[in-house]
Amino acid sequence: MAIPNRRPEPTAAATDPCPIPTHWDVEIAGHGAAPRFTDGCDDHRDHRGPPGPWPAPCSAFQRAAAPERRSPTGYSAGMESWHRNRLTTRQAELVEAWLPGVRLLNDLSWNLIDTAVLEVGHGRRRYVVKAAGPSNHHIGREIEAHLSSTVVLARQNHASKVVRSDRSMNILVTEYLEGSLVEGTEAEFESDTYLQAGHLLRVFHDQARRTDPDYEAAATAKALAWLDTPHRMEESAAEEARAVFGTYRPEPVMIVPTHGDWQPRNWLMDGTELRIIDFGRYGYRPATSDFCRLAVQQWRTAPQLESAFFEGYGSDRRDSKLWNVMLLREAVATAAWAYHVGDDEFEEQRHRMLRDALANF
């Protein structure tokens with residue numbers, strides 16, 4: 001549905017640029033149901049500020065999404081709480097019970113939707129509080145990740161440890177990880193960073209695996225659904241993508257625990273040691289799905305980083321047919337998402353990604 005002259009008023013659904021369903025999507029919607037756009041990638045910054053290549057959303061989207069416009073905490077205007085009204089009253093009470101005397105050190109939220117990210121102090125220690133409203137699925141995914149798959153990274157201090165969590169209140173507290181965001185620093189283009197990233201990802205992936213007969217069909221249906229939303233992709237490109245998806249015959253795939261957004265904006269460097277943050281897109285997917293962001297960004301201009309990554313990972317598991325379809329789904333979804341949030345520069349980048357992806361067929 002190409003509508004080049006009018007950008008729709010954004011909704012929470014428009015925050016999902018990712019065509020890849022997790023097992024939460026499947027449980028909620030069912031493989032046979034219409035895909036739900038619940039798998040956002042940009043609304044759950046951890047604790048190092050907003051992402052570099054994803055600029056602030058347009059003012060219309062901020063008006064639709066910014067939580068401070070509707071004071072869910074019960075505090076009146078001018079009556080600011082210790083958490084700057086980022087939490088509901090019940091969420092704040094939980095944190096106060098878990099960390100008596102808690103104090104806010106930094107508000108690290110990025111106002112895309114209702115996720116709050118707060119660096120807090122308790123005694124002499126620092127923690128990160130993440131919370132969101134009841135319709136936000138990212139906190140639940142992050143809690144699930146910390147209670148299961150991140151343990152292999154956390155025990156070596158490559159990921160934070162969960163301190164407390166409450167699924168019903170959509171809130172968790174983790175230890176604060178030291179380090180500086182890799183994105184935008186020299187480390188972003190150093191081979192050793194990718195050697196470590198490959199090794200850590202292999203450790204993360206190798207914890208478990210199972211065959212999913214329906215994953216590919218659900219992922220492709222979700223990408224097709226993005227083509228039915230307003231976008232500015234060239235009509236010929238959109239139709240070509242539809243044709244590819246229409247002739248694609250999904251087969252069972254092996255799925256493993258995945259991060260969902262494995263790239264430098266979710267990596268910290270502490271000295272020479274790499275650490276991983278932000279598991280809000282955690283879920284079981286094909287292992288190769290965690291390569292997509294790197295392949296179309298850093299690896300595209302610096303192939304030595306790709307070589308270093310797979311040296312650390314141990315092998316390149318990409319199957320050409322599945323990989324090409326995966327890249328096309330990613331291109332379609334992120335191009336449509338960029339249009340919805342008014343990010344013209346990123347939208348143009350994703351149009352280029354779409355052209356590159358279609359050239360593989």
# chains A, B, ... in the order shown; residues from 1 in each chain; ligands from 1

call {"tool": "select_by_dssp", "arguments": {"residues": "stretch 145-347 of chain A", "states": "strand (DSSP E)", "output": "number ranges by chain"}}
result
A: 162-166, 171-175, 180-181, 210-212, 253-258, 267-270, 273-276, 283-285

call {"tool": "residues_around", "arguments": {"residues": "A:Glu119", "least_positions_apart": "2", "cutoff": "9 Å", "atoms": "only C-alpha atoms", "output": "compact mmCIF listing (two decimals) with all heavy atoms, in the first residue's frame"}}
result
# COMPACT_ATOMS: atom_id res chain seq x y z
N HIS A 47 21.00 1.10 28.91
CA HIS A 47 21.38 2.18 29.81
C HIS A 47 22.56 2.97 29.29
O HIS A 47 23.43 3.38 30.03
CB HIS A 47 21.65 1.64 31.21
CG HIS A 47 22.68 0.55 31.27
ND1 HIS A 47 22.33 -0.77 31.01
CD2 HIS A 47 23.99 0.56 31.55
CE1 HIS A 47 23.43 -1.51 31.15
NE2 HIS A 47 24.43 -0.75 31.47
N ARG A 103 17.23 5.86 44.85
CA ARG A 103 17.34 7.22 44.32
C ARG A 103 17.65 7.16 42.84
O ARG A 103 18.39 6.27 42.39
CB ARG A 103 18.40 8.02 45.06
CG ARG A 103 19.80 7.45 44.97
CD ARG A 103 20.77 8.09 45.96
NE ARG A 103 22.14 7.61 45.74
CZ ARG A 103 22.60 6.46 46.20
NH1 ARG A 103 21.79 5.65 46.90
NH2 ARG A 103 23.85 6.10 45.97
N LEU A 104 17.11 8.09 42.10
CA LEU A 104 17.33 8.15 40.66
C LEU A 104 18.68 8.79 40.38
O LEU A 104 18.99 9.87 40.88
CB LEU A 104 16.22 8.96 39.99
CG LEU A 104 16.32 9.10 38.47
CD1 LEU A 104 16.13 7.76 37.79
CD2 LEU A 104 15.29 10.11 37.96
N LEU A 105 19.49 8.13 39.55
CA LEU A 105 20.77 8.69 39.12
C LEU A 105 20.68 9.26 37.71
O LEU A 105 21.18 10.34 37.43
CB LEU A 105 21.87 7.61 39.18
CG LEU A 105 22.11 6.99 40.56
CD1 LEU A 105 23.18 5.91 40.47
CD2 LEU A 105 22.49 8.05 41.58
N ASN A 106 20.03 8.51 36.81
CA ASN A 106 19.87 8.97 35.43
C ASN A 106 18.60 8.39 34.83
O ASN A 106 18.30 7.21 35.03
CB ASN A 106 21.06 8.54 34.55
CG ASN A 106 22.32 9.33 34.84
OD1 ASN A 106 22.36 10.53 34.66
ND2 ASN A 106 23.34 8.63 35.32
N ASP A 107 17.88 9.23 34.11
CA ASP A 107 16.74 8.75 33.32
C ASP A 107 17.27 8.46 31.92
O ASP A 107 17.63 9.36 31.18
CB ASP A 107 15.65 9.82 33.27
CG ASP A 107 14.41 9.34 32.51
OD1 ASP A 107 14.48 8.28 31.87
OD2 ASP A 107 13.39 10.04 32.56
N LEU A 108 17.35 7.19 31.57
CA LEU A 108 17.94 6.76 30.32
C LEU A 108 16.89 6.32 29.30
O LEU A 108 17.22 5.68 28.30
CB LEU A 108 18.92 5.61 30.59
CG LEU A 108 20.03 5.98 31.59
CD1 LEU A 108 20.67 4.73 32.16
CD2 LEU A 108 21.07 6.86 30.96
N VAL A 117 13.52 3.39 31.34
CA VAL A 117 14.82 2.82 31.68
C VAL A 117 15.51 3.80 32.63
O VAL A 117 15.84 4.92 32.25
CB VAL A 117 15.70 2.60 30.43
CG1 VAL A 117 17.01 1.90 30.81
CG2 VAL A 117 14.96 1.78 29.39
N GLY A 121 20.31 4.30 42.26
CA GLY A 121 21.28 3.95 43.29
C GLY A 121 20.58 3.39 44.51
O GLY A 121 19.47 3.80 44.87
N ARG A 126 24.72 0.42 42.01
CA ARG A 126 23.86 0.94 40.95
C ARG A 126 23.10 -0.19 40.28
O ARG A 126 23.61 -1.30 40.15
CB ARG A 126 24.69 1.69 39.90
CG ARG A 126 25.24 3.01 40.38
CD ARG A 126 25.94 3.76 39.26
NE ARG A 126 27.19 3.10 38.88
CZ ARG A 126 27.89 3.42 37.80
NH1 ARG A 126 27.45 4.37 36.98
NH2 ARG A 126 29.01 2.80 37.52
N TYR A 127 21.90 0.13 39.87
CA TYR A 127 21.03 -0.84 39.22
C TYR A 127 20.33 -0.17 38.04
O TYR A 127 20.32 1.06 37.91
CB TYR A 127 19.98 -1.38 40.19
CG TYR A 127 20.56 -2.05 41.40
CD1 TYR A 127 20.82 -1.31 42.56
CD2 TYR A 127 20.85 -3.40 41.41
CE1 TYR A 127 21.36 -1.92 43.69
CE2 TYR A 127 21.40 -4.03 42.52
CZ TYR A 127 21.65 -3.27 43.66
OH TYR A 127 22.20 -3.88 44.76
N VAL A 128 19.72 -0.98 37.19
CA VAL A 128 18.90 -0.48 36.10
C VAL A 128 17.48 -1.01 36.30
O VAL A 128 17.28 -2.23 36.47
CB VAL A 128 19.44 -0.92 34.72
CG1 VAL A 128 18.46 -0.55 33.61
CG2 VAL A 128 20.79 -0.26 34.46
N VAL A 129 16.52 -0.09 36.30
CA VAL A 129 15.11 -0.45 36.39
C VAL A 129 14.50 -0.29 35.00
O VAL A 129 14.65 0.75 34.36
CB VAL A 129 14.36 0.47 37.37
CG1 VAL A 129 12.87 0.14 37.36
CG2 VAL A 129 14.93 0.33 38.78
N TYR A 176 23.82 -3.01 37.28
CA TYR A 176 24.35 -2.06 36.29
C TYR A 176 25.67 -2.59 35.74
O TYR A 176 26.55 -2.99 36.51
CB TYR A 176 24.56 -0.70 36.95
CG TYR A 176 25.05 0.38 36.02
CD1 TYR A 176 24.16 1.20 35.34
CD2 TYR A 176 26.41 0.60 35.81
CE1 TYR A 176 24.59 2.20 34.49
CE2 TYR A 176 26.87 1.59 34.97
CZ TYR A 176 25.95 2.39 34.31
OH TYR A 176 26.39 3.38 33.47

call {"tool": "residues_around", "arguments": {"residues": "A:Gly246", "least_positions_apart": "6", "cutoff": "12 Å", "atoms": "only C-alpha atoms", "output": "PyMOL selection string"}}
result
chain A and resi 217+220-221+223-224+239-240+325

call {"tool": "select_by_dssp", "arguments": {"residues": "stretch 264-304 of chain A", "states": "helix (DSSP H, G or I)", "output": "list in words"}}
result
Pro264, Arg265, Asn266, Ala287, Thr288, Ser289, Asp290, Phe291, Cys292, Arg293, Leu294, Ala295, Val296, Gln298, Trp299, Arg300, Thr301, Pro303 and Gln304 of chain A

call {"tool": "write_last_selection", "arguments": {"atoms": "C-alpha atoms", "output": "JSON list (two decimals), in the first residue's frame"}}
result
[["chain", "number", "residue", "atom", "x", "y", "z"],
["A", 264, "PRO", "CA", 27.18, -2.46, 18.35],
["A", 265, "ARG", "CA", 24.40, -0.31, 19.80],
["A", 266, "ASN", "CA", 23.68, -3.16, 22.22],
["A", 287, "ALA", "CA", 20.60, -18.60, 14.65],
["A", 288, "THR", "CA", 21.27, -16.69, 11.42],
["A", 289, "SER", "CA", 18.63, -14.10, 12.31],
["A", 290, "ASP", "CA", 21.14, -12.62, 14.75],
["A", 291, "PHE", "CA", 23.51, -11.90, 11.83],
["A", 292, "CYS", "CA", 21.11, -9.68, 9.86],
["A", 293, "ARG", "CA", 21.80, -6.29, 11.42],
["A", 294, "LEU", "CA", 25.56, -6.69, 11.15],
["A", 295, "ALA", "CA", 25.39, -7.95, 7.56],
["A", 296, "VAL", "CA", 23.59, -4.86, 6.25],
["A", 298, "GLN", "CA", 29.06, -2.85, 9.60],
["A", 299, "TRP", "CA", 29.95, -5.89, 7.47],
["A", 300, "ARG", "CA", 28.77, -4.22, 4.30],
["A", 301, "THR", "CA", 31.68, -1.75, 4.28],
["A", 303, "PRO", "CA", 34.26, -7.34, 5.39],
["A", 304, "GLN", "CA", 37.20, -7.98, 7.71]]

call {"tool": "atom_distance", "arguments": {"atom1": "atom CA of A:Pro252", "atom2": "atom CA of A:Lys222"}}
result
17.0 Å

call {"tool": "atom_distance", "arguments": {"atom1": "atom CA of A:Ala154", "atom2": "atom CA of A:Trp267"}}
result
13.8 Å

call {"tool": "residues_around", "arguments": {"residues": "A:Leu200", "least_positions_apart": "2", "cutoff": "12 Å", "atoms": "only C-alpha atoms", "output": "PyMOL selection string"}}
result
chain A and resi 150+152-154+156-159+193-198+202-207+258-259+262+267+273-276+290+309-314

call {"tool": "closest_residue", "arguments": {"among": "A:Leu147, A:Ala219, A:Ala336, A:Leu181", "to": "A:Arg167", "atoms": "only C-alpha atoms"}}
result
A:Leu147

call {"tool": "atom_distance", "arguments": {"atom1": "atom CA of A:Ile139", "atom2": "atom CA of A:Glu347"}}
result
26.8 Å

call {"tool": "closest_residue", "arguments": {"among": "A:Arg86, A:Asp356, A:Ser315, A:Arg281", "to": "A:Gly140", "atoms": "only C-alpha atoms"}}
result
A:Arg281

call {"tool": "residues_around", "arguments": {"residues": "A:Glu178", "least_positions_apart": "5", "cutoff": "9 Å", "atoms": "only C-alpha atoms", "output": "list in words"}}
result
Leu268, Met269, Asp270 and Arg275 of chain A

call {"tool": "write_last_selection", "arguments": {"atoms": "N, CA and C atoms", "output": "mmCIF file, in the first residue's frame"}}
result
data_model
loop_
_atom_site.group_PDB
_atom_site.id
_atom_site.type_symbol
_atom_site.label_atom_id
_atom_site.label_comp_id
_atom_site.auth_asym_id
_atom_site.auth_seq_id
_atom_site.Cartn_x
_atom_site.Cartn_y
_atom_site.Cartn_z
ATOM 1 N N LEU A 268 28.585 -3.197 24.991
ATOM 2 C CA LEU A 268 29.407 -2.294 25.795
ATOM 3 C C LEU A 268 30.833 -2.793 25.775
ATOM 4 N N MET A 269 31.783 -1.878 25.816
ATOM 5 C CA MET A 269 33.187 -2.250 25.946
ATOM 6 C C MET A 269 33.696 -1.698 27.264
ATOM 7 N N ASP A 270 34.123 -2.598 28.131
ATOM 8 C CA ASP A 270 34.707 -2.221 29.414
ATOM 9 C C ASP A 270 36.175 -2.592 29.374
ATOM 10 N N ARG A 275 30.609 -6.643 26.503
ATOM 11 C CA ARG A 275 29.436 -7.012 27.281
ATOM 12 C C ARG A 275 28.180 -6.731 26.458
#

call {"tool": "residues_around", "arguments": {"residues": "A:Glu348", "least_positions_apart": "6", "cutoff": "10 Å", "atoms": "only C-alpha atoms", "output": "PyMOL selection string"}}
result
chain A and resi 232-233+335+338-339+354

call {"tool": "write_last_selection", "arguments": {"atoms": "C-alpha atoms", "output": "compact mmCIF listing (two decimals), in the first residue's frame"}}
result
# COMPACT_ATOMS: atom_id res chain seq x y z
CA ARG A 232 7.00 4.62 0.39
CA MET A 233 8.68 1.62 -1.16
CA ALA A 335 11.48 0.27 5.38
CA ALA A 338 10.91 3.92 9.09
CA TYR A 339 8.11 5.54 7.11
CA LEU A 354 15.49 -3.65 -0.20

call {"tool": "residues_around", "arguments": {"residues": "A:His122", "least_positions_apart": "5", "cutoff": "7 Å", "atoms": "only C-alpha atoms", "output": "CSV table (one decimal) with N, CA and C atoms, in the first residue's frame"}}
result
chain,number,residue,atom,x,y,z
A,99,LEU,N,14.3,-2.0,46.8
A,99,LEU,CA,15.5,-1.2,47.0
A,99,LEU,C,15.2,-0.1,47.9
A,101,GLY,N,15.0,3.2,50.0
A,101,GLY,CA,15.8,4.4,49.9
A,101,GLY,C,16.4,4.6,48.5
A,102,VAL,N,15.8,3.9,47.5
A,102,VAL,CA,16.2,4.1,46.1
A,102,VAL,C,16.3,5.5,45.7
A,103,ARG,N,17.2,5.9,44.8
A,103,ARG,CA,17.3,7.2,44.3
A,103,ARG,C,17.6,7.2,42.8

call {"tool": "closest_residue", "arguments": {"among": "A:Tyr215, A:Glu188, A:Val95, A:Leu118", "to": "A:Asp166", "atoms": "only C-alpha atoms"}}
result
A:Val95

call {"tool": "closest_residue", "arguments": {"among": "A:Met326, A:Val162, A:Ile171, A:Ile143", "to": "A:Glu216", "atoms": "only C-alpha atoms"}}
result
A:Met326

call {"tool": "decode", "arguments": {"residues": "stretch 224-284 of chain A", "atoms": "C-alpha atoms", "output": "PDB file, in the first residue's frame"}}
result
ATOM      1  CA  LEU A 224       3.642  -9.558   3.909  1.00  0.00           C
ATOM      2  CA  ALA A 225       1.461  -7.782   6.443  1.00  0.00           C
ATOM      3  CA  TRP A 226       3.941  -4.883   6.488  1.00  0.00           C
ATOM      4  CA  LEU A 227       3.418  -4.492   2.743  1.00  0.00           C
ATOM      5  CA  ASP A 228      -0.283  -3.907   3.439  1.00  0.00           C
ATOM      6  CA  THR A 229       0.515  -0.906   5.651  1.00  0.00           C
ATOM      7  CA  PRO A 230       1.254   2.586   4.252  1.00  0.00           C
ATOM      8  CA  HIS A 231       4.848   2.863   2.973  1.00  0.00           C
ATOM      9  CA  ARG A 232       7.003   4.623   0.390  1.00  0.00           C
ATOM     10  CA  MET A 233       8.685   1.625  -1.164  1.00  0.00           C
ATOM     11  CA  GLU A 234       8.620   1.690  -4.947  1.00  0.00           C
ATOM     12  CA  GLU A 235       5.547  -0.153  -6.116  1.00  0.00           C
ATOM     13  CA  SER A 236       7.617  -2.367  -8.397  1.00  0.00           C
ATOM     14  CA  ALA A 237       9.887  -3.331  -5.503  1.00  0.00           C
ATOM     15  CA  ALA A 238       6.938  -4.029  -3.227  1.00  0.00           C
ATOM     16  CA  GLU A 239       5.289  -6.225  -5.850  1.00  0.00           C
ATOM     17  CA  GLU A 240       8.540  -8.066  -6.499  1.00  0.00           C
ATOM     18  CA  ALA A 241       8.861  -8.736  -2.779  1.00  0.00           C
ATOM     19  CA  ARG A 242       5.278 -10.019  -2.691  1.00  0.00           C
ATOM     20  CA  ALA A 243       6.068 -12.346  -5.565  1.00  0.00           C
ATOM     21  CA  VAL A 244       9.138 -13.741  -3.798  1.00  0.00           C
ATOM     22  CA  PHE A 245       7.175 -14.317  -0.606  1.00  0.00           C
ATOM     23  CA  GLY A 246       4.318 -15.833  -2.593  1.00  0.00           C
ATOM     24  CA  THR A 247       6.524 -18.450  -4.247  1.00  0.00           C
ATOM     25  CA  TYR A 248       8.607 -19.171  -1.121  1.00  0.00           C
ATOM     26  CA  ARG A 249       7.865 -22.585   0.316  1.00  0.00           C
ATOM     27  CA  PRO A 250       8.695 -22.523   4.040  1.00  0.00           C
ATOM     28  CA  GLU A 251      10.290 -25.579   5.555  1.00  0.00           C
ATOM     29  CA  PRO A 252      10.960 -26.579   9.172  1.00  0.00           C
ATOM     30  CA  VAL A 253      13.941 -24.755  10.660  1.00  0.00           C
ATOM     31  CA  MET A 254      16.153 -25.169  13.694  1.00  0.00           C
ATOM     32  CA  ILE A 255      15.575 -22.420  16.253  1.00  0.00           C
ATOM     33  CA  VAL A 256      17.786 -21.391  19.166  1.00  0.00           C
ATOM     34  CA  PRO A 257      17.810 -18.678  21.846  1.00  0.00           C
ATOM     35  CA  THR A 258      18.499 -15.380  20.045  1.00  0.00           C
ATOM     36  CA  HIS A 259      19.126 -11.816  21.158  1.00  0.00           C
ATOM     37  CA  GLY A 260      17.140 -10.261  18.318  1.00  0.00           C
ATOM     38  CA  ASP A 261      19.204  -7.074  17.926  1.00  0.00           C
ATOM     39  CA  TRP A 262      22.838  -8.197  18.025  1.00  0.00           C
ATOM     40  CA  GLN A 263      24.847  -5.163  16.944  1.00  0.00           C
ATOM     41  CA  PRO A 264      27.178  -2.458  18.354  1.00  0.00           C
ATOM     42  CA  ARG A 265      24.401  -0.307  19.796  1.00  0.00           C
ATOM     43  CA  ASN A 266      23.685  -3.164  22.220  1.00  0.00           C
ATOM     44  CA  TRP A 267      27.322  -3.892  23.058  1.00  0.00           C
ATOM     45  CA  LEU A 268      29.407  -2.294  25.795  1.00  0.00           C
ATOM     46  CA  MET A 269      33.187  -2.250  25.946  1.00  0.00           C
ATOM     47  CA  ASP A 270      34.707  -2.221  29.414  1.00  0.00           C
ATOM     48  CA  GLY A 271      38.428  -1.897  28.837  1.00  0.00           C
ATOM     49  CA  THR A 272      38.966  -4.673  26.311  1.00  0.00           C
ATOM     50  CA  GLU A 273      36.034  -6.839  27.392  1.00  0.00           C
ATOM     51  CA  LEU A 274      32.764  -6.950  25.462  1.00  0.00           C
ATOM     52  CA  ARG A 275      29.436  -7.012  27.281  1.00  0.00           C
ATOM     53  CA  ILE A 276      25.887  -7.379  25.975  1.00  0.00           C
ATOM     54  CA  ILE A 277      22.780  -5.381  26.896  1.00  0.00           C
ATOM     55  CA  ASP A 278      19.120  -5.102  25.940  1.00  0.00           C
ATOM     56  CA  PHE A 279      17.387  -8.469  25.612  1.00  0.00           C
ATOM     57  CA  GLY A 280      13.971  -6.970  24.888  1.00  0.00           C
ATOM     58  CA  ARG A 281      13.750  -8.906  21.605  1.00  0.00           C
ATOM     59  CA  TYR A 282      14.853 -12.227  23.072  1.00  0.00           C
ATOM     60  CA  GLY A 283      13.199 -15.257  21.536  1.00  0.00           C
ATOM     61  CA  TYR A 284      13.726 -18.559  19.743  1.00  0.00           C
TER      62      TYR A 284
END
